[in-house]
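Colleague: Shown below is the structure under consideration.
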Amino acid sequence: MTSVPDVFDPRQYAAGVPYDAYRVLRDHHPVARQDEHEVLGWPAGPGFWAVTRHADVVRVLKDSATYSSHIGATQIRDPDPDDLPFIRRMMLNQDPPGHGRLRRLVSRAFTPRRIDRFERVAHERARTLLAHALEAARATDGTVDLVGSVTDDYALLNLADLLGVPEADRKLLLHWTQRVIGYQDPDEAGPQVLDGRGRPVNPRSPAMLRDMFGYARQLAAHKRRFPDDDVMTTLAHDAELAESELEMFFFLLTVAGNDTVRSAAPGGLLALAGHPESYERLRTGEAELPLAVDELLRWHPPVLTFRRTAAVDTELAGRRIRAGDKVVVFHASANRDERVFTDPDRLDLSRAPNPHVSFGDGPHVCLGAHFARLQLRVLYREAMRALPVLRQAGPPERLVSNFINGIKSLPTQVT
């Protein structure tokens, strides 16, 4: 019997996504028990089921009646029971029909006019950031970190424009994102905050989000007095939206809206740097950019995992799952499933169809998927103009996380 590899430990992801381990799980243990051991100061948990085949991942994501986002929320680690009612108020951690109501409300903010304006601004921003990065590289040793010089600011400033965050406050968005998303990585999260019993405090707890929510209330009040063409103005004037719901939307848009592109953009550039023939096909127009964006998302999904909790006793891939069990879907594994994708370990910028699950599936499919694709198309188009050759100057530095497929630095040679 083939042993079950550990795909929980967040430290291994700093070396790369464990695709070999995923393959073993898909082939021999498609729904496998994983120990949730103590690591990085976080206490041990009860363990969970790792779901690694594409068909099973889609089944879990689509069946919210059986696999709930609400019961235990959507992170692998169990939240503190005292924090759970608060965490459940987030749209991400709700089930239909309540989830659908909130999703419809926030969708109103994404108007066609706003999308058109956003695309024009994104083009100019990508062009400017790349030009500044090239200028800095040429003034030194000819290398540049595309994450620190381009992609982090690109994602952050785009989000700030979309939300309507004043320029002076924009670094706050990055700070909150690092604290919430990068909490497993000491470089991102900073010193660990401990409670009175010496245990780490959940970054999604009310105590850790108090400053973000206070800012959201202030910004909403400002937008009511001084409306503008941005998402927070629309949400602040929506009579159907309670203030607590608006705060939660600000949290979701700030964290998810920033980190999706912040993780996907350097991942796509890294893939292209490692496949120069594909990059050349894209530059010459032989490969179509929209198809290429989806293939790069399949190759480097921004989110590695999401958790559900079984609402009832059920069965998945022949395994008995009990009500209350944690069920964790592995997006990066599903995207390399040979049962769905021909030659999945080959980067094929013309791959079609491409049913990757990088933006999820079912009722919780990523609300900002359209905006993420738009930003990635714009960035890659401008990168191809600015960088005729895309060549790594050293290995990337990856995020310590079993949740986000993050890249902290991408040294690149400028020619």
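The way I read the labels, and the way they are meant: chains A, B, ... in the order of the structure tokens, residue 1 as the first residue of every chain, and ligand 1 as the first ligand shown, with later ones counted on from there.
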Just list as JSON, numbers by chain whatever in region 246-391 of chain A DSSP marks as alpha helix (DSSP H).

Modeller: {"A": [246, 247, 248, 249, 250, 251, 252, 253, 254, 255, 256, 257, 258, 259, 260, 261, 262, 263, 264, 265, 266, 267, 268, 269, 270, 271, 272, 273, 274, 276, 277, 278, 279, 280, 281, 282, 283, 289, 290, 291, 292, 293, 294, 295, 296, 297, 298, 299, 331, 332, 333, 334, 369, 370, 371, 372, 373, 374, 375, 376, 377, 378, 379, 380, 381, 382, 383, 384, 385, 386]}

Colleague: Can you tell me, as a PyMOL selection string, what residues are no more than 12 Å from region 199-207 of chain A when counting only C-alpha atoms, ignoring any on the same chain fewer than 2 positions away?

Modeller: chain A and resi 38-44+73-90+93+176-184+189-197+209-214+247-248+251-252+255

Colleague: Could you check which of A:Val24, A:Ala216, A:Val365, A:Ala65 is closest to Ala311 (chain A), using only C-alpha atoms?

Modeller: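 For Ala311 (chain A), the nearest of the candidates is A:Ala65.
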
Colleague: With distances taken over only C-alpha atoms, which residue among A:Ala264, A:Asp153, A:Leu102, A:His29 lies nearest Glu240 (chain A)?

Modeller: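 Smallest distance to Glu240 (chain A) is found for A:Leu102.
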
Colleague: Please tabulate, as CSV, the residues of region 160-265 of chain A that come within 12 Å of region 118-139 of chain A, each with its closest pair of atoms and the distance in Å to one decimal, counting only C-alpha atoms and ordering rows by chain, then residue number upward.

Modeller:
```
residue,atom,partner,partner_atom,distance
A:Ala160,CA,A:Phe118,CA,11.0
A:Asp161,CA,A:Phe118,CA,7.9
A:Leu162,CA,A:Phe118,CA,7.1
A:Leu163,CA,A:Phe118,CA,10.9
A:Gly164,CA,A:Phe118,CA,11.6
A:Asp229,CA,A:Phe118,CA,10.5
A:Asp230,CA,A:Phe118,CA,9.8
A:Val231,CA,A:Phe118,CA,11.4
A:Ala265,CA,A:Ala126,CA,11.5
```

Colleague: Could you pull the residues within 12 Å of Pro276 (chain A), counting only C-alpha atoms, minus those fewer than 2 positions along the same chain, as number ranges by chain?

Modeller: A: 269-274, 278-283, 347, 384, 387-392

Colleague: Between A:Asp27, A:Ala109, A:Asn405, A:Phe341, which residue has the minimum interatomic distance to Ala236 (chain A), considering only C-alpha atoms?

Modeller: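 The closest residue to Ala236 (chain A) is A:Ala109.
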
Colleague: Write out as a list in words the residues lying within 10 Å of Pro355 (chain A), counting only C-alpha atoms and excluding same-chain residues fewer than 4 positions away.

Modeller: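 Non-adjacent residues within range: His54, Asp294, Glu295, Arg298, Ala334, Asn335, Val340, Phe341, Arg351 and Asp361 of chain A.
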
Colleague: Extract the full set of strand (DSSP E) residues from region 138-368 of chain A according to DSSP on the backbone, and format it as a PDB file with N, CA, C and O atoms, in the first residue's frame.

Modeller:
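Okay, result.pdb is ready:
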```
ATOM      1  N   THR A 143      19.594  43.642 -12.960  1.00  0.00           N
ATOM      2  CA  THR A 143      18.564  42.729 -12.453  1.00  0.00           C
ATOM      3  C   THR A 143      17.511  43.528 -11.689  1.00  0.00           C
ATOM      4  O   THR A 143      17.772  44.621 -11.171  1.00  0.00           O
ATOM      5  N   VAL A 144      16.332  42.955 -11.610  1.00  0.00           N
ATOM      6  CA  VAL A 144      15.238  43.591 -10.891  1.00  0.00           C
ATOM      7  C   VAL A 144      14.354  42.505 -10.285  1.00  0.00           C
ATOM      8  O   VAL A 144      14.215  41.418 -10.869  1.00  0.00           O
ATOM      9  N   ASP A 145      13.805  42.779  -9.124  1.00  0.00           N
ATOM     10  CA  ASP A 145      12.809  41.889  -8.523  1.00  0.00           C
ATOM     11  C   ASP A 145      11.439  42.337  -9.006  1.00  0.00           C
ATOM     12  O   ASP A 145      10.942  43.391  -8.604  1.00  0.00           O
ATOM     13  N   THR A 305      -5.628  25.856  -1.483  1.00  0.00           N
ATOM     14  CA  THR A 305      -6.623  25.032  -0.785  1.00  0.00           C
ATOM     15  C   THR A 305      -7.786  25.882  -0.291  1.00  0.00           C
ATOM     16  O   THR A 305      -7.639  27.085  -0.072  1.00  0.00           O
ATOM     17  N   PHE A 306      -8.927  25.214  -0.108  1.00  0.00           N
ATOM     18  CA  PHE A 306     -10.050  25.794   0.629  1.00  0.00           C
ATOM     19  C   PHE A 306     -10.721  24.680   1.417  1.00  0.00           C
ATOM     20  O   PHE A 306     -10.785  23.539   0.962  1.00  0.00           O
ATOM     21  N   ARG A 307     -11.228  25.050   2.567  1.00  0.00           N
ATOM     22  CA  ARG A 307     -11.847  24.075   3.459  1.00  0.00           C
ATOM     23  C   ARG A 307     -13.373  24.162   3.412  1.00  0.00           C
ATOM     24  O   ARG A 307     -13.960  25.221   3.247  1.00  0.00           O
ATOM     25  N   ARG A 308     -14.006  23.012   3.526  1.00  0.00           N
ATOM     26  CA  ARG A 308     -15.429  22.900   3.788  1.00  0.00           C
ATOM     27  C   ARG A 308     -15.606  21.983   5.004  1.00  0.00           C
ATOM     28  O   ARG A 308     -14.667  21.306   5.427  1.00  0.00           O
ATOM     29  N   THR A 309     -16.810  21.945   5.552  1.00  0.00           N
ATOM     30  CA  THR A 309     -17.123  21.043   6.652  1.00  0.00           C
ATOM     31  C   THR A 309     -18.342  20.221   6.273  1.00  0.00           C
ATOM     32  O   THR A 309     -19.347  20.777   5.801  1.00  0.00           O
ATOM     33  N   ALA A 310     -18.254  18.905   6.447  1.00  0.00           N
ATOM     34  CA  ALA A 310     -19.381  18.037   6.093  1.00  0.00           C
ATOM     35  C   ALA A 310     -20.575  18.360   6.995  1.00  0.00           C
ATOM     36  O   ALA A 310     -20.465  18.342   8.220  1.00  0.00           O
ATOM     37  N   THR A 314     -21.629  11.413   4.665  1.00  0.00           N
ATOM     38  CA  THR A 314     -21.629  11.256   3.217  1.00  0.00           C
ATOM     39  C   THR A 314     -20.496  10.330   2.808  1.00  0.00           C
ATOM     40  O   THR A 314     -19.765   9.803   3.638  1.00  0.00           O
ATOM     41  N   GLU A 315     -20.351  10.152   1.488  1.00  0.00           N
ATOM     42  CA  GLU A 315     -19.267   9.331   0.950  1.00  0.00           C
ATOM     43  C   GLU A 315     -18.652  10.069  -0.233  1.00  0.00           C
ATOM     44  O   GLU A 315     -19.360  10.670  -1.042  1.00  0.00           O
ATOM     45  N   LEU A 316     -17.329  10.042  -0.315  1.00  0.00           N
ATOM     46  CA  LEU A 316     -16.614  10.708  -1.396  1.00  0.00           C
ATOM     47  C   LEU A 316     -15.453   9.829  -1.815  1.00  0.00           C
ATOM     48  O   LEU A 316     -14.598   9.484  -0.990  1.00  0.00           O
ATOM     49  N   ARG A 319     -14.731   6.905   0.386  1.00  0.00           N
ATOM     50  CA  ARG A 319     -14.410   7.120   1.800  1.00  0.00           C
ATOM     51  C   ARG A 319     -15.625   7.655   2.528  1.00  0.00           C
ATOM     52  O   ARG A 319     -16.323   8.547   2.040  1.00  0.00           O
ATOM     53  N   ARG A 320     -15.852   7.102   3.716  1.00  0.00           N
ATOM     54  CA  ARG A 320     -16.954   7.571   4.544  1.00  0.00           C
ATOM     55  C   ARG A 320     -16.541   8.848   5.270  1.00  0.00           C
ATOM     56  O   ARG A 320     -15.537   8.897   5.962  1.00  0.00           O
ATOM     57  N   ILE A 321     -17.331   9.887   5.075  1.00  0.00           N
ATOM     58  CA  ILE A 321     -17.067  11.186   5.704  1.00  0.00           C
ATOM     59  C   ILE A 321     -18.199  11.442   6.694  1.00  0.00           C
ATOM     60  O   ILE A 321     -19.379  11.327   6.343  1.00  0.00           O
ATOM     61  N   LYS A 326     -13.668  17.893   8.568  1.00  0.00           N
ATOM     62  CA  LYS A 326     -13.126  18.918   7.678  1.00  0.00           C
ATOM     63  C   LYS A 326     -12.751  18.277   6.341  1.00  0.00           C
ATOM     64  O   LYS A 326     -12.106  17.223   6.309  1.00  0.00           O
ATOM     65  N   VAL A 327     -13.175  18.920   5.259  1.00  0.00           N
ATOM     66  CA  VAL A 327     -12.902  18.445   3.901  1.00  0.00           C
ATOM     67  C   VAL A 327     -12.196  19.592   3.176  1.00  0.00           C
ATOM     68  O   VAL A 327     -12.759  20.675   3.023  1.00  0.00           O
ATOM     69  N   VAL A 328     -10.955  19.348   2.735  1.00  0.00           N
ATOM     70  CA  VAL A 328     -10.137  20.405   2.140  1.00  0.00           C
ATOM     71  C   VAL A 328      -9.858  20.066   0.682  1.00  0.00           C
ATOM     72  O   VAL A 328      -9.317  18.997   0.370  1.00  0.00           O
ATOM     73  N   VAL A 329     -10.259  20.956  -0.220  1.00  0.00           N
ATOM     74  CA  VAL A 329     -10.003  20.753  -1.647  1.00  0.00           C
ATOM     75  C   VAL A 329      -8.659  21.384  -2.007  1.00  0.00           C
ATOM     76  O   VAL A 329      -8.305  22.458  -1.513  1.00  0.00           O
ATOM     77  N   PHE A 330      -7.915  20.690  -2.887  1.00  0.00           N
ATOM     78  CA  PHE A 330      -6.588  21.130  -3.311  1.00  0.00           C
ATOM     79  C   PHE A 330      -6.653  21.563  -4.777  1.00  0.00           C
ATOM     80  O   PHE A 330      -6.601  20.741  -5.691  1.00  0.00           O
TER      81      PHE A 330
END
```

Colleague: Nearest to Leu304 (chain A) among A:Gln218, A:Phe8, A:Thr140, A:Asp187, with distances taken over only C-alpha atoms: which residue is it?

Modeller: A:Phe8

Colleague: Give me the residues near His28 (chain A) as a PDB file with C-alpha atoms, in the first residue's frame, where near means some atom within 10 Å (using only C-alpha atoms) and where sequence neighbours in that chain fewer than 4 positions away do not count.

Modeller:
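What ended up in selection.pdb:
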```
ATOM      1  CA  MET A   1       0.000   0.000   0.000  1.00  0.00           C
ATOM      2  CA  THR A   2       1.420   3.396  -1.000  1.00  0.00           C
ATOM      3  CA  SER A   3       1.972   5.644   2.015  1.00  0.00           C
ATOM      4  CA  VAL A   4       0.004   8.879   2.287  1.00  0.00           C
ATOM      5  CA  TYR A  22      -0.368  15.386  -5.191  1.00  0.00           C
ATOM      6  CA  ARG A  23       0.020  12.807  -7.943  1.00  0.00           C
ATOM      7  CA  VAL A  24       0.472  10.033  -5.374  1.00  0.00           C
ATOM      8  CA  ALA A  32      -6.939  11.036   2.205  1.00  0.00           C
TER       9      ALA A  32
END
```
